[in-house]
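File shown here: input-v3.txt, holding compact mmCIF, C-alpha atoms.
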```
# COMPACT_ATOMS: atom_id res chain seq x y z
CA MET E 7 8.99 4.60 -24.22
CA SER E 8 12.01 6.88 -24.25
CA VAL E 9 15.35 5.72 -25.57
CA ARG E 10 17.89 5.22 -22.80
CA ARG E 11 21.59 5.24 -23.60
CA LEU E 12 24.78 5.17 -21.59
CA ALA E 13 26.51 8.41 -20.74
CA GLU E 14 29.17 9.85 -23.02
CA ASP E 15 32.65 8.34 -22.90
CA THR E 16 34.00 11.62 -21.54
CA VAL E 17 32.34 10.98 -18.17
CA GLN E 18 32.74 7.19 -18.07
CA PRO E 19 35.33 5.89 -15.58
CA ALA E 20 37.91 3.47 -16.92
CA THR E 21 37.25 0.73 -14.36
CA PHE E 22 34.80 -0.38 -11.68
CA ALA E 23 35.23 -2.44 -8.56
CA PHE E 24 32.92 -3.14 -5.65
CA SER E 25 34.14 -2.00 -2.28
CA LYS E 26 35.27 -4.74 0.09
CA GLU E 27 31.95 -4.72 1.91
CA ASN E 28 29.88 -4.63 -1.28
CA ALA E 29 32.00 -7.37 -2.89
CA ALA E 30 31.23 -9.70 0.04
CA TRP E 31 27.55 -8.77 -0.22
CA ALA E 32 27.55 -9.48 -3.97
CA GLU E 33 29.10 -12.93 -3.53
CA ALA E 34 26.55 -13.81 -0.85
CA THR E 35 23.71 -12.57 -3.06
CA ILE E 36 24.84 -14.68 -6.02
CA LYS E 37 24.91 -17.79 -3.80
CA LYS E 38 21.21 -17.31 -2.98
CA TYR E 39 20.30 -18.56 -6.45
CA PRO E 40 20.47 -22.21 -7.59
CA GLU E 41 23.41 -23.42 -9.64
CA GLY E 42 22.98 -22.33 -13.22
CA ARG E 43 20.60 -19.50 -12.19
CA GLU E 44 23.20 -17.05 -10.87
CA GLN E 45 22.30 -14.55 -13.61
CA SER E 46 19.09 -13.81 -11.67
CA ALA E 47 21.24 -11.65 -9.38
CA VAL E 48 21.84 -9.09 -12.14
CA ILE E 49 19.31 -6.53 -10.87
CA PRO E 50 20.44 -6.61 -7.20
CA LEU E 51 24.07 -6.24 -8.28
CA LEU E 52 23.28 -3.32 -10.58
CA MET E 53 21.38 -1.60 -7.77
CA ARG E 54 24.30 -2.07 -5.37
CA ALA E 55 26.70 -0.66 -7.97
CA GLN E 56 24.44 2.38 -8.37
CA GLU E 57 24.22 2.89 -4.61
CA GLN E 58 28.00 2.79 -4.41
CA ASP E 59 28.82 5.21 -7.25
CA GLY E 60 25.52 7.06 -7.63
CA TRP E 61 24.91 5.81 -11.18
CA VAL E 62 25.50 2.74 -13.40
CA THR E 63 28.65 3.06 -15.46
CA ARG E 64 29.73 1.05 -18.50
CA ALA E 65 32.57 -0.39 -16.44
CA ALA E 66 30.08 -1.53 -13.76
CA ILE E 67 27.91 -3.24 -16.39
CA GLU E 68 30.91 -5.12 -17.78
CA LYS E 69 32.18 -6.07 -14.32
CA ILE E 70 28.80 -7.48 -13.27
CA ALA E 71 28.48 -9.34 -16.59
CA ASP E 72 31.85 -11.01 -15.92
CA MET E 73 30.82 -11.94 -12.37
CA LEU E 74 27.62 -13.61 -13.60
CA GLY E 75 28.97 -15.13 -16.82
CA MET E 76 26.69 -13.00 -18.99
CA ALA E 77 27.25 -11.28 -22.30
CA TYR E 78 27.74 -7.54 -21.94
CA ILE E 79 24.71 -6.85 -24.13
CA ARG E 80 22.43 -8.83 -21.77
CA VAL E 81 23.34 -6.73 -18.74
CA LEU E 82 23.12 -3.57 -20.86
CA GLU E 83 19.55 -4.58 -21.85
CA VAL E 84 18.56 -4.78 -18.17
CA ALA E 85 20.21 -1.50 -17.22
CA THR E 86 18.64 0.44 -20.09
CA PHE E 87 15.18 -1.10 -19.65
CA TYR E 88 14.51 -0.21 -16.00
CA THR E 89 14.30 3.51 -15.28
CA GLN E 90 15.40 2.94 -11.70
CA PHE E 91 18.95 2.74 -13.05
CA GLN E 92 20.67 6.07 -13.58
CA LEU E 93 22.84 5.88 -16.72
CA GLN E 94 24.63 9.18 -16.26
CA PRO E 95 26.07 11.09 -13.30
CA VAL E 96 23.59 12.48 -10.76
CA GLY E 97 24.00 14.84 -7.83
CA THR E 98 26.44 13.55 -5.24
CA ARG E 99 24.30 14.83 -2.38
CA ALA E 100 20.78 14.55 -3.80
CA HIS E 101 19.01 13.39 -6.92
CA VAL E 102 15.42 14.64 -6.59
CA GLN E 103 12.77 12.52 -8.29
CA VAL E 104 9.54 14.51 -8.58
CA CYS E 105 6.39 12.43 -9.04
CA GLY E 106 4.36 13.83 -11.92
CA THR E 107 1.52 11.31 -12.08
CA THR E 108 -2.11 12.49 -11.84
CA PRO E 109 -2.64 12.66 -8.01
CA CYS E 110 0.59 14.60 -7.50
CA MET E 111 -0.01 16.76 -10.56
CA LEU E 112 -3.45 17.73 -9.25
CA ARG E 113 -1.96 18.73 -5.89
CA GLY E 114 0.93 20.86 -7.09
CA ALA E 115 3.68 18.75 -8.70
CA GLU E 116 4.20 21.43 -11.35
CA ASP E 117 5.11 23.90 -8.62
CA LEU E 118 7.67 21.42 -7.26
CA ILE E 119 9.19 21.04 -10.73
CA ARG E 120 9.51 24.82 -10.98
CA ILE E 121 11.43 24.79 -7.69
CA CYS E 122 13.80 22.12 -9.05
CA LYS E 123 14.40 24.19 -12.16
CA LYS E 124 15.07 27.23 -10.01
CA LYS E 125 17.28 25.61 -7.35
CA ILE E 126 19.09 22.90 -9.38
CA ALA E 127 19.02 23.18 -13.18
CA SER E 128 16.61 24.19 -15.92
CA GLU E 129 16.65 20.70 -17.46
CA PRO E 130 16.33 17.26 -15.84
CA PHE E 131 19.40 15.05 -15.49
CA THR E 132 21.57 18.15 -15.41
CA LEU E 133 23.97 18.74 -12.54
CA ASN E 134 24.05 22.02 -10.69
CA GLU E 135 27.25 24.06 -10.73
CA GLY E 136 28.75 22.18 -7.81
CA GLY E 137 27.72 18.74 -9.09
CA THR E 138 25.89 18.08 -5.83
CA LEU E 139 22.29 18.20 -7.07
CA SER E 140 20.20 16.92 -9.96
CA TRP E 141 16.53 16.17 -10.59
CA GLU E 142 14.07 14.37 -12.87
CA GLU E 143 10.32 13.84 -13.23
CA VAL E 144 9.17 10.25 -12.63
CA GLU E 145 6.00 8.21 -12.64
CA CYS E 146 4.02 7.17 -9.56
CA GLN E 147 6.09 6.60 -6.43
CA GLY E 148 3.20 4.99 -4.53
CA ALA E 149 2.36 7.77 -2.05
CA CYS E 150 -0.71 9.16 -3.84
CA VAL E 151 -2.68 9.92 -0.66
CA ASN E 152 0.22 12.12 0.51
CA ALA E 153 0.64 14.01 -2.77
CA PRO E 154 2.61 15.89 -3.90
CA MET E 155 5.87 14.18 -3.08
CA VAL E 156 9.45 13.60 -4.16
CA MET E 157 11.94 10.80 -3.63
CA ILE E 158 15.58 11.43 -2.81
CA PHE E 159 17.63 8.27 -3.03
CA LYS E 160 15.53 5.75 -1.02
CA ASP E 161 13.48 8.19 1.06
CA THR E 162 10.19 9.87 0.20
CA PHE E 163 9.20 13.37 1.29
CA GLU E 164 5.46 13.90 1.11
CA ASP E 165 2.72 16.53 1.52
CA LEU E 166 5.12 19.10 0.12
CA THR E 167 4.71 22.77 -0.54
CA PRO E 168 7.12 24.64 -2.83
CA GLU E 169 8.55 26.43 0.21
CA ARG E 170 9.20 23.17 2.06
CA LEU E 171 10.88 21.59 -0.97
CA GLU E 172 13.19 24.60 -1.21
CA GLU E 173 14.19 24.09 2.40
CA ILE E 174 14.84 20.37 1.83
CA ILE E 175 16.98 21.02 -1.27
CA ASP E 176 19.03 23.61 0.62
CA LEU E 177 19.63 21.19 3.49
CA PHE E 178 20.79 18.41 1.17
CA ASP E 179 23.03 20.80 -0.75
CA ALA E 180 24.60 21.86 2.56
CA GLY E 181 25.31 18.23 3.44
CA LYS E 182 22.58 18.13 6.07
CA GLY E 183 20.18 15.77 4.32
CA THR E 184 20.13 13.44 7.31
CA ASP E 185 18.51 16.23 9.34
CA VAL E 186 15.37 16.02 7.21
CA VAL E 187 12.84 13.51 8.52
CA PRO E 188 11.38 11.45 5.64
CA GLY E 189 7.64 10.99 5.16
CA PRO E 190 4.86 13.58 5.52
CA GLN E 191 6.06 17.14 6.03
CA ILE E 192 2.83 18.21 7.75
CA ASP E 193 0.84 17.18 10.83
CA ARG E 194 0.15 13.65 9.63
CA ILE E 195 1.32 10.20 10.72
CA TYR E 196 2.15 8.23 7.56
CA SER E 197 -1.10 8.14 5.57
CA ALA E 198 -3.46 8.84 8.47
CA PRO E 199 -5.91 11.75 8.17
CA ILE E 200 -4.52 15.25 8.61
CA GLY E 201 -4.85 16.26 12.25
CA GLY E 202 -5.13 12.71 13.56
CA LEU E 203 -7.40 9.69 13.38
CA THR E 204 -11.10 10.14 12.74
CA THR E 205 -12.06 6.46 12.80
CA LEU E 206 -11.15 3.33 14.77
CA GLN E 207 -10.96 5.36 17.95
CA ALA E 208 -11.94 4.19 21.44
CA PRO E 209 -15.73 4.32 21.82
CA ALA E 210 -17.14 7.18 23.86
CA GLU E 211 -18.41 6.31 27.31
CA GLU E 212 -22.08 5.39 27.14
CA LYS E 213 -24.42 6.88 29.69
CA LYS E 214 -26.07 4.23 31.85
CA PRO E 215 -29.88 4.28 31.78
CA ALA E 216 -31.61 5.80 34.80
CA ARG E 217 -32.41 3.31 37.54
CA ALA E 218 -36.01 2.05 37.38
CA SER E 219 -38.37 3.05 40.16
CA LYS E 220 -38.91 0.73 43.10
CA ALA E 221 -42.53 0.11 42.10
CA LYS E 222 -41.52 -1.11 38.65
CA GLU E 223 -38.85 -3.35 40.15
CA GLU E 224 -41.41 -4.99 42.47
CA GLN E 225 -43.83 -5.45 39.59
CA ALA E 226 -41.17 -7.10 37.45
CA VAL E 227 -40.16 -9.47 40.25
CA SER E 228 -43.79 -10.50 40.90
CA VAL E 229 -44.14 -12.02 37.40
CA PRO E 230 -43.35 -15.76 37.59
CA PRO E 231 -40.43 -16.61 35.30
CA SER E 232 -42.36 -19.52 33.74
CA ASN E 233 -45.03 -17.15 32.44
CA ALA E 234 -42.77 -14.27 31.51
CA ALA E 235 -42.50 -15.23 27.83
CA LYS E 236 -46.10 -16.33 27.29
CA PRO E 237 -48.18 -13.97 25.18
CA SER E 238 -51.23 -12.37 26.77
CA THR E 239 -54.07 -12.88 24.28
CA VAL E 240 -57.67 -14.13 24.10
CA ALA E 241 -57.22 -15.92 20.76
CA ASP E 242 -58.46 -19.51 20.70
CA ILE E 243 -55.09 -20.75 19.51
CA THR E 244 -53.48 -19.71 22.80
CA ASN E 245 -56.44 -20.61 25.05
CA PRO E 246 -55.17 -23.42 27.33
CA THR E 247 -58.75 -24.55 28.17
CA LEU E 248 -59.50 -25.70 24.61
CA LYS E 249 -58.90 -29.35 23.82
CA THR E 250 -56.39 -30.29 21.12
CA PRO E 251 -56.76 -33.27 18.75
CA ALA E 252 -54.31 -35.13 20.92
CA THR E 253 -56.52 -34.75 24.03
CA ALA E 254 -59.93 -34.93 22.32
CA LYS E 255 -59.79 -37.81 19.81
CA LYS E 256 -63.53 -37.83 19.18
CA ALA E 257 -63.52 -34.14 18.24
CA ALA E 258 -60.54 -34.72 16.00
CA ALA E 259 -62.27 -37.64 14.22
CA LYS E 260 -65.31 -35.46 13.69
CA ASN E 261 -63.19 -32.76 12.07
CA VAL E 262 -61.72 -35.26 9.62
CA LYS E 263 -65.22 -36.10 8.26
CA VAL E 264 -65.83 -32.48 7.22
CA GLU E 265 -66.09 -32.21 3.44
CA GLY E 266 -63.52 -29.97 1.73
CA GLU E 267 -59.78 -29.64 1.41
CA THR E 268 -59.22 -31.18 4.81
CA VAL E 269 -60.45 -34.59 3.62
CA ASP E 270 -57.61 -36.97 2.75
CA LYS E 271 -58.54 -38.05 -0.78
CA SER E 272 -55.38 -40.06 -1.30
CA LYS E 273 -57.06 -43.10 0.31
CA PRO E 274 -60.24 -44.71 -1.08
CA ALA E 275 -63.36 -43.93 0.86
CA LYS E 276 -64.69 -46.77 3.01
CA LYS E 277 -68.01 -48.22 1.92
CA PRO E 278 -70.75 -48.04 4.50
CA ARG E 279 -71.59 -51.35 6.13
```
Structure rendered as structure tokens:
Amino acid sequence: MSVRRLAEDTVQPATFAFSKENAAWAEATIKKYPEGREQSAVIPLLMRAQEQDGWVTRAAIEKIADMLGMAYIRVLEVATFYTQFQLQPVGTRAHVQVCGTTPCMLRGAEDLIRICKKKIASEPFTLNEGGTLSWEEVECQGACVNAPMVMIFKDTFEDLTPERLEEIIDLFDAGKGTDVVPGPQIDRIYSAPIGGLTTLQAPAEEKKPARASKAKEEQAVSVPPSNAAKPSTVADITNPTLKTPATAKKAAAKNVKVEGETVDKSKPAKKPR
């Protein structure tokens, strides 16, 4: 794991304060936690501070620690542990996070990184000349099926080509980032197949079978319903004229006297009179 430290003192602001709106949000967020557990709000407050200023400053860490009754070192531990927190200044208009995990790498993430080096700066976490852009390589952003992709602030831009990423960077640098629609940059709806759905579509209309001839209809109607399910066979087991043991008791008694496995040997044989 890489070592993460706060930015140099030369770029650290002297103080930090939440805006009026964010201060009200922070107070409401702290109240969501039970008494004595207010320190659980440390991550949400750090995220709101980053969204306000673009990065987490030393002054913001100390301010949040005071609000939650925490030691400075405890809040610093949280801020330096999670890579979602930017510890030094980033681009004021766009900080491009390029996913470099396997799916994106296989589909061209290296080409996207080359574009960032060309359009922004040769090294990550380095501001461009105007201070409006910066970039970094990150781990999986959770849009593997739409690789390669980048994240700018809270939005993801997927199915990218180097040319399309260049266009997006230029738009953000010109202050027109809101004109770029997040999500897939090709003919795809979210993570659906390219070109549209191929499954779960409405079933095709089935052709109705040809109508049976009149002769077959008459033949089918002439069969009595009571006999429709009876098998047509000459086997003795289905011959209704043969007597069953229930209707021919004498024949059944005669069958019982036959020597072999059919004789019930569990009962003692009767002695002849």
Checklist line | For CA of Val81 in chain E and CA of Thr21 in chain E, the interatomic separation in Å (one decimal) | finding: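 CA of Val81 in chain E sits 16.4 Å away from CA of Thr21 in chain E.
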Margin query: I'd like to know which of E:Phe91, E:Trp141, E:Tyr39, E:Phe22 is closest to Trp61 in chain E, using all atoms listed in the file.
Written below: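 For Trp61 in chain E, the nearest of the candidates is E:Phe91.
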Margin query: My list of candidates is E:Gly137, E:Phe24, E:Asp117, E:Arg10. Which is closest to Glu83 in chain E when distances are computed with all atoms listed in the file?
Written below: E:Arg10
Next item on the list: Mind giving me the straight-line distance from CA of Tyr88 in chain E to CA of Ala13 in chain E in Å, one decimal?
Entry: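 Answer for the CA of Tyr88 in chain E to CA of Ala13 in chain E separation: 15.5 Å.
For the pair CA of Leu82 in chain E and CA of Glu129 in chain E, the interatomic distance is 25.3 Å.
Counting all atoms listed in the file, the residue from E:Ile49, E:Ile126, E:Val156, E:Ala29 that sits nearest to Pro188 in chain E is E:Val156.
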Padding of 5 Å on every side, edges along x, y and z, all listed atoms of range 124-140 of chain E included: what centre and edge lengths in Å, to one decimal, does that box have, as AutoDock Vina command-line options?
```
--center_x 21.9 --center_y 21.1 --center_z -11.6 --size_x 23.7 --size_y 22.2 --size_z 21.6
```
Check: E:Ser128, E:Lys123, E:Arg170, E:Pro109: which is nearest Ala149 in chain E, counting only C-alpha atoms?
Finding: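 Answer, going by the shortest atom-to-atom distance: E:Pro109.
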Next item on the list: Could you check which of E:Glu164, E:Asp15, E:Glu145, E:Glu169 is closest to Thr89 in chain E, using only C-alpha atoms?
Entry: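 So, comparing all the options, the nearest one is E:Glu145.
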Next item on the list: Compare E:Ile67, E:Val151, E:Leu52, E:Val102 by their minimum atom-to-atom distance to Arg194 in chain E, counting all atoms listed in the file, and give me the closest one.
Entry: E:Val151
Notebook entry, point to check: Which residues come within 7 Å of Asp165 in chain E, counting all atoms listed in the file, excluding same-chain residues fewer than 2 positions away, as JSON, numbers by chain?
Noted result: {"E": [152, 153, 154, 155, 167, 190, 191, 192]}
Note to self: What's around Val104 in chain E at 12 Å? Count all atoms listed in the file, leave out sequence neighbours fewer than 2 positions away in its own chain, and write the answer as a ChimeraX atom specification.
What the structure shows: /E:101-102,106-107,110-111,114-123,130,140-147,149,153-159,162-164,166,168,171
Next item on the list: For Met73 in chain E, list every protein, DNA or RNA residue within 12 Å, evaluated using only C-alpha atoms, and leave out those in the same chain fewer than 2 positions away; present the list as number ranges by chain.
Entry: E: 23-24, 29, 32-33, 35-37, 44-48, 51-52, 66-71, 75-78, 81
